[in-house]
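Peer 1: Before anything else, here's the structure in question.
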Amino acid sequence: MKFSLWSRPRAFAARGAALLGVGLAAFTAGAAGAQPAHVARDLDAAVRKAPQARQRVIALLNGSFSPQFARRVRAHGGQVRQQFSALGTVVFDLPGAALAGLAQDPNIRALSPDRPLRAHLDYATAAIGASTALASGIGGAGVSVAVLDTGIAPHPDLTAPTNRIVGWVDLVNNQPAPYDDEGHGTHVAGIIAGNGALARSAGNPRRLNGVAPQANLVGVKVLTSAGTGLASTVIAGLNWCITNQARYGIRVVNLSLGHAPGESFATDPLCQACESATRAGLLVVCAAGNRGRTVASDPNSPIAYRTIDSPGSDPYVLTVGAAKTLFTFDTSDDQVSSYSGRGPTAFDCLLKPDLIAPGNRVASLDANWVAGAGTGYIEMSGTSMACPVAAGAAALLFSQDATLKPGDVKARLTRTAIKVWNPSLNADPVSRGSGYLNVPAALAFKGRVYGGAPSPSMSYANGVVTVHLDQALWGDQALWGDQALWGDQALWADQALWGDQALWADSVLTPDASAWADAFAGNGE
């Protein structure tokens, strides 16, 4: 098997557009000449199975929401539940059998089910060099990170000596003050911005700082006490962040949550909401997901590829996989965690994750301490923990230079990631992305990009794996050309990385093979 790098400029949006028109569900056929909306396969399947059952649906609109649109939904027996003006998205429910008629509405671009999803330091901060940044005076001051999760409890590491939970909204229970009835969100918040105040007051010798201990936090509760929720609630949280970003100084959004993708990023409503947030100036950092094992409960089971969760499957977000530090400050023995989600992405064949960061047995804040139980700190594992490590790193970069755009920060973090950190580890690019997060190098790097720094796409034909970089978006060819982003060609030269047919066999590259044929055929590519 061979590898090639194709770097002729190409508009990334065109690839998404090519995918958008492929594989429309059969029940939207409609009248001759009509252009029906794209309907996600899992929504199509649900309607076919129970056509009379009511379906909760998320629609991406071609235009803006209007009272006329709401009347058309009601005419089909439905009811609008939520509408997000900043995102061009509306949530409604209606009988499944009525969906075929509504799919003909020219104002609807795509229809998807409201999918259920769930939530996915001392060694961690040392491994990525965050303590060096703090020693140099860069700790995230002036930057707020929005944590869309189970909530944030007022732990001393976040509230002493001053309260850095500067914003709060509860989209689950509508409570006015910050709390966390599950604990996941507080742990995530501590990884981002905990300052170790409780540990120091108790004489704990461990340095339990988060990555950006001077950053502010905005709690957006979108998950229940069981750590579960709906895509529409997360979309509502993203809409709230866009609306309130100036009020609270939000520059980064942390999404340590996700679901298995049901469609291309181009029609996935949660991915599209993340893209809207990116265009609004927010860097969205997402967990890769924890489906990287063939048998989830068996750490010795084979690797499972094409297991990146949505919205980490979107090209414009920063998707983070998990590494394990083995409880040493030295990264030379660190490994990719076996559960960490791996690429390429299921429907669009993007090279994901974008990078990896410590995520295994990370010590951070215990929400139970606020209720009078525990020692104040607990360990958790998962890409949910790796994600806030990278979000904290992004806050450091924004704190260093407030003029940076989301694409600049994503590019700096991926460009400077350590390509080979463990000489005995042969980690393939769809397991470790651009490499291991390296905060000092990212802070020292001054490159900028043109556009949103989308993750590369991949294709496979006749034994050749091709990575498609959009060089027009990476600016100076001398800076971003060819191997500059992904490092030394030697990383790609070892064909053993691509020899496992489990990655590519049986047409698993993408369920919509015709989409790639349409997108790449006849262009000399």
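Letters for chains follow the order of the structure tokens (A, B, ...), residue numbers begin at 1 for each chain, and ligand numbers begin at 1 in the order shown.
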Give me, as a PyMOL selection string, all polymer residues having an atom no more than 9 Å from stretch 97-110 of chain A, counting only C-alpha atoms and skipping those fewer than 2 positions away in the same chain.
Peer 2: chain A and resi 20+27-31+34-40+47-48+50-55+58-65+69+72-73+76-78+94-95+112+267-269
Peer 1: Output N, CA and C atoms for every residue in that selection, as a compact mmCIF listing (two decimals), in the first residue's frame.
Peer 2:
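What landed in again33.txt:
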# COMPACT_ATOMS: atom_id res chain seq x y z
N LEU A 20 -23.58 16.32 0.15
CA LEU A 20 -24.92 16.70 0.58
C LEU A 20 -26.00 16.11 -0.30
N PHE A 27 -38.06 7.89 0.86
CA PHE A 27 -39.43 8.36 1.11
C PHE A 27 -39.61 9.84 0.84
N THR A 28 -38.55 10.57 0.45
CA THR A 28 -38.68 11.99 0.16
C THR A 28 -38.79 12.24 -1.35
N ALA A 29 -39.07 11.21 -2.12
CA ALA A 29 -39.02 11.34 -3.58
C ALA A 29 -39.91 12.47 -4.07
N GLY A 30 -41.17 12.51 -3.66
CA GLY A 30 -42.02 13.65 -3.98
C GLY A 30 -42.35 13.77 -5.45
N ALA A 31 -42.85 14.95 -5.82
CA ALA A 31 -43.29 15.20 -7.18
C ALA A 31 -42.10 15.38 -8.10
N ALA A 34 -39.18 18.22 -8.01
CA ALA A 34 -38.97 18.76 -6.66
C ALA A 34 -37.55 18.45 -6.20
N GLN A 35 -37.00 19.31 -5.37
CA GLN A 35 -35.67 19.10 -4.79
C GLN A 35 -35.86 18.87 -3.30
N PRO A 36 -36.02 17.61 -2.88
CA PRO A 36 -36.30 17.36 -1.47
C PRO A 36 -35.10 17.61 -0.60
N ALA A 37 -35.38 17.79 0.68
CA ALA A 37 -34.30 17.95 1.64
C ALA A 37 -33.54 16.65 1.82
N HIS A 38 -32.29 16.77 2.22
CA HIS A 38 -31.53 15.59 2.62
C HIS A 38 -32.16 15.06 3.90
N VAL A 39 -32.38 13.76 3.97
CA VAL A 39 -32.92 13.11 5.16
C VAL A 39 -31.91 12.10 5.67
N ALA A 40 -31.55 12.22 6.93
CA ALA A 40 -30.57 11.30 7.52
C ALA A 40 -31.10 9.87 7.49
N VAL A 47 -38.72 6.25 10.58
CA VAL A 47 -40.03 6.49 9.99
C VAL A 47 -40.56 5.23 9.32
N ARG A 48 -39.69 4.52 8.63
CA ARG A 48 -40.12 3.28 7.97
C ARG A 48 -40.59 2.25 9.00
N ALA A 50 -41.82 2.84 12.10
CA ALA A 50 -43.04 3.25 12.81
C ALA A 50 -43.57 4.53 12.19
N PRO A 51 -44.23 4.47 11.04
CA PRO A 51 -44.63 5.68 10.32
C PRO A 51 -45.62 6.56 11.08
N GLN A 52 -46.38 5.99 12.01
CA GLN A 52 -47.36 6.80 12.73
C GLN A 52 -46.78 7.41 14.01
N ALA A 53 -45.61 6.98 14.41
CA ALA A 53 -45.02 7.52 15.64
C ALA A 53 -44.53 8.94 15.41
N ARG A 54 -44.60 9.76 16.45
CA ARG A 54 -44.09 11.13 16.35
C ARG A 54 -42.57 11.10 16.43
N GLN A 55 -41.95 11.89 15.58
CA GLN A 55 -40.50 11.99 15.53
C GLN A 55 -40.06 13.39 15.92
N ILE A 58 -34.60 17.70 13.81
CA ILE A 58 -33.84 18.95 13.70
C ILE A 58 -33.70 19.27 12.22
N ALA A 59 -34.10 20.47 11.83
CA ALA A 59 -34.02 20.89 10.43
C ALA A 59 -32.97 21.98 10.27
N LEU A 60 -32.13 21.82 9.26
CA LEU A 60 -31.24 22.90 8.83
C LEU A 60 -31.96 23.67 7.74
N LEU A 61 -32.05 24.99 7.90
CA LEU A 61 -32.82 25.81 6.98
C LEU A 61 -31.93 26.47 5.95
N ASN A 62 -32.48 26.65 4.76
CA ASN A 62 -31.77 27.43 3.74
C ASN A 62 -31.87 28.92 4.03
N GLY A 63 -32.94 29.32 4.64
CA GLY A 63 -33.12 30.73 5.00
C GLY A 63 -33.34 30.85 6.49
N SER A 64 -34.03 31.89 6.89
CA SER A 64 -34.28 32.12 8.30
C SER A 64 -35.64 31.56 8.70
N PHE A 65 -35.79 31.33 9.98
CA PHE A 65 -37.06 30.84 10.52
C PHE A 65 -38.12 31.94 10.39
N PHE A 69 -43.14 29.36 8.18
CA PHE A 69 -42.57 28.02 8.30
C PHE A 69 -43.25 27.27 9.44
N ARG A 72 -46.47 25.93 8.33
CA ARG A 72 -46.35 24.75 7.48
C ARG A 72 -46.09 23.50 8.31
N VAL A 73 -45.31 23.64 9.38
CA VAL A 73 -45.09 22.50 10.28
C VAL A 73 -46.42 22.07 10.91
N HIS A 76 -48.72 20.05 8.79
CA HIS A 76 -48.37 18.63 8.66
C HIS A 76 -48.55 17.88 9.99
N GLY A 77 -49.25 18.50 10.93
CA GLY A 77 -49.51 17.84 12.20
C GLY A 77 -48.38 17.97 13.20
N GLY A 78 -47.47 18.91 12.97
CA GLY A 78 -46.30 19.04 13.84
C GLY A 78 -46.36 20.26 14.72
N LEU A 94 -43.37 15.82 14.76
CA LEU A 94 -44.52 15.57 13.91
C LEU A 94 -44.63 14.08 13.65
N PRO A 95 -45.80 13.61 13.16
CA PRO A 95 -45.92 12.19 12.82
C PRO A 95 -44.94 11.84 11.69
N SER A 112 -32.75 15.75 10.29
CA SER A 112 -32.04 14.75 11.08
C SER A 112 -32.82 14.48 12.35
N THR A 267 -24.58 17.67 6.84
CA THR A 267 -26.01 17.70 7.18
C THR A 267 -26.25 17.37 8.64
N ASP A 268 -25.23 17.03 9.39
CA ASP A 268 -25.37 16.76 10.82
C ASP A 268 -25.64 18.09 11.53
N PRO A 269 -26.81 18.24 12.17
CA PRO A 269 -27.14 19.55 12.75
C PRO A 269 -26.20 19.98 13.87
Peer 1: Mind checking DSSP for stretch 118-220 of chain A and telling me the strand (DSSP E) residues as a list in words?
Peer 2: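 Taking stretch 118-220 of chain A and keeping strand (DSSP E) gives Arg118, Ala119, Ser144, Val145, Ala146, Val147, Leu148, Asp149, Ile165, Val166, Gly167, Trp168, Val169, Asp170, Asn216, Leu217, Val218, Gly219 and Val220 of chain A.
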Peer 1: Just how far from atom CA of A:Ala393 is atom CA of A:Asn216, in Å to one decimal?
Peer 2: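 Atom CA of A:Ala393 lies at a distance of 13.4 Å from atom CA of A:Asn216.
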Peer 1: Restrict the calculation to only C-alpha atoms, then for each residue of stretch 207-227 of chain A with any atom at most 12 Å from an atom of stretch 352-363 of chain A give the closest atom pair and their distance in Å to one decimal, rows by chain and rising residue number, as JSON lines.
Peer 2:
{"residue": "A:Arg207", "atom": "CA", "partner": "A:Ala363", "partner_atom": "CA", "distance": 10.3}
{"residue": "A:Leu208", "atom": "CA", "partner": "A:Ala363", "partner_atom": "CA", "distance": 7.4}
{"residue": "A:Asn209", "atom": "CA", "partner": "A:Ala363", "partner_atom": "CA", "distance": 9.7}
{"residue": "A:Gly210", "atom": "CA", "partner": "A:Ala363", "partner_atom": "CA", "distance": 9.6}
{"residue": "A:Val211", "atom": "CA", "partner": "A:Pro358", "partner_atom": "CA", "distance": 11.4}
Peer 1: Work out how far apart atom CA of A:Ile308 and atom CA of A:Cys349 are and give it in Å to one decimal.
Peer 2: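 Atom CA of A:Cys349 lies at a distance of 10.4 Å from atom CA of A:Ile308.
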Peer 1: Work out how far apart atom CA of A:Ala266 and atom CA of A:Thr294 are and give it in Å to one decimal.
Peer 2: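 Pair atom CA of A:Ala266 / atom CA of A:Thr294 returns 27.2 Å.
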Peer 1: Ranking A:Tyr316, A:Trp168, A:Tyr377, A:Tyr436 by minimum distance to A:Cys274 and counting only C-alpha atoms, which one comes first?
Peer 2: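 Under the stated criterion, the closest residue is A:Tyr316.
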Peer 1: Under the rule that only C-alpha atoms are counted, which of A:Val409, A:Leu257, A:Leu134, A:Ile378 is the nearest residue to A:Gly452?
Peer 2: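 Looking only at the distances to A:Gly452, the closest residue turns out to be A:Val409.
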Peer 1: Which residue is closest to A:His259? Choose from A:Gly376, A:Gly341, A:Pro213, A:Gly321 and count only C-alpha atoms.
Peer 2: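 Comparing A:Gly376, A:Gly341, A:Pro213, A:Gly321 against A:His259, the winner is A:Gly341.
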Peer 1: Compile a residue-level contact table for stretch 327-393 of chain A against stretch 194-199 of chain A at a cut-off of 12 Å, reporting for every qualifying residue the shortest atom pair and its distance in Å to one decimal, with only C-alpha atoms counted, rows ordered by chain and ascending number, as JSON lines.
Peer 2:
{"residue": "A:Ala363", "atom": "CA", "partner": "A:Gly194", "partner_atom": "CA", "distance": 10.8}
{"residue": "A:Ser364", "atom": "CA", "partner": "A:Gly194", "partner_atom": "CA", "distance": 7.8}
{"residue": "A:Leu365", "atom": "CA", "partner": "A:Gly194", "partner_atom": "CA", "distance": 7.7}
{"residue": "A:Asp366", "atom": "CA", "partner": "A:Leu198", "partner_atom": "CA", "distance": 11.1}
{"residue": "A:Trp369", "atom": "CA", "partner": "A:Leu198", "partner_atom": "CA", "distance": 10.4}
{"residue": "A:Val370", "atom": "CA", "partner": "A:Leu198", "partner_atom": "CA", "distance": 11.4}
{"residue": "A:Thr375", "atom": "CA", "partner": "A:Ala199", "partner_atom": "CA", "distance": 9.2}
{"residue": "A:Gly376", "atom": "CA", "partner": "A:Leu198", "partner_atom": "CA", "distance": 7.3}
{"residue": "A:Tyr377", "atom": "CA", "partner": "A:Ala199", "partner_atom": "CA", "distance": 8.6}
{"residue": "A:Pro388", "atom": "CA", "partner": "A:Gly194", "partner_atom": "CA", "distance": 11.3}
{"residue": "A:Val389", "atom": "CA", "partner": "A:Gly194", "partner_atom": "CA", "distance": 11.4}
{"residue": "A:Gly392", "atom": "CA", "partner": "A:Gly194", "partner_atom": "CA", "distance": 10.2}
Peer 1: If we count only C-alpha atoms, what is near A:Ser301 at a cut-off of 10 Å, once residues fewer than 4 positions away on the same chain are taken out, given as a VMD selection string?
Peer 2: chain A and resid 292 to 297 338 to 339
Peer 1: Could you write out that same residue set with N, CA, C and O atoms as a PDB file, in the first residue's frame?
Peer 2:
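Saved the output as part_39.pdb:
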ATOM      1  N   GLY A 292     -12.891   3.365  20.498  1.00  0.00           N
ATOM      2  CA  GLY A 292     -11.724   2.919  19.741  1.00  0.00           C
ATOM      3  C   GLY A 292     -11.352   1.454  19.885  1.00  0.00           C
ATOM      4  O   GLY A 292     -10.393   0.998  19.266  1.00  0.00           O
ATOM      5  N   ARG A 293     -12.083   0.712  20.713  1.00  0.00           N
ATOM      6  CA  ARG A 293     -11.849  -0.728  20.851  1.00  0.00           C
ATOM      7  C   ARG A 293     -12.941  -1.513  20.139  1.00  0.00           C
ATOM      8  O   ARG A 293     -14.106  -1.117  20.146  1.00  0.00           O
ATOM      9  N   THR A 294     -12.572  -2.645  19.564  1.00  0.00           N
ATOM     10  CA  THR A 294     -13.571  -3.532  18.977  1.00  0.00           C
ATOM     11  C   THR A 294     -14.531  -4.037  20.043  1.00  0.00           C
ATOM     12  O   THR A 294     -15.741  -4.131  19.820  1.00  0.00           O
ATOM     13  N   VAL A 295     -13.998  -4.366  21.221  1.00  0.00           N
ATOM     14  CA  VAL A 295     -14.811  -4.741  22.379  1.00  0.00           C
ATOM     15  C   VAL A 295     -14.556  -3.682  23.449  1.00  0.00           C
ATOM     16  O   VAL A 295     -13.457  -3.602  24.002  1.00  0.00           O
ATOM     17  N   ALA A 296     -15.554  -2.868  23.714  1.00  0.00           N
ATOM     18  CA  ALA A 296     -15.361  -1.694  24.564  1.00  0.00           C
ATOM     19  C   ALA A 296     -14.798  -2.037  25.927  1.00  0.00           C
ATOM     20  O   ALA A 296     -13.978  -1.288  26.482  1.00  0.00           O
ATOM     21  N   SER A 297     -15.193  -3.168  26.492  1.00  0.00           N
ATOM     22  CA  SER A 297     -14.782  -3.517  27.849  1.00  0.00           C
ATOM     23  C   SER A 297     -13.430  -4.212  27.915  1.00  0.00           C
ATOM     24  O   SER A 297     -12.925  -4.481  29.004  1.00  0.00           O
ATOM     25  N   SER A 338      -6.199   2.950  24.396  1.00  0.00           N
ATOM     26  CA  SER A 338      -6.832   1.975  23.507  1.00  0.00           C
ATOM     27  C   SER A 338      -8.276   2.326  23.191  1.00  0.00           C
ATOM     28  O   SER A 338      -8.788   1.999  22.114  1.00  0.00           O
ATOM     29  N   TYR A 339      -8.970   3.018  24.102  1.00  0.00           N
ATOM     30  CA  TYR A 339     -10.374   3.356  23.872  1.00  0.00           C
ATOM     31  C   TYR A 339     -10.553   4.595  23.000  1.00  0.00           C
ATOM     32  O   TYR A 339     -11.663   4.897  22.552  1.00  0.00           O
TER      33      TYR A 339
END
Peer 1: From the list A:Val169, A:Ala402, A:Ala119, A:Cys286, which residue is nearest A:Cys271 when using only C-alpha atoms?
Peer 2: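 Using only C-alpha atoms, the shortest distance to A:Cys271 belongs to A:Cys286.
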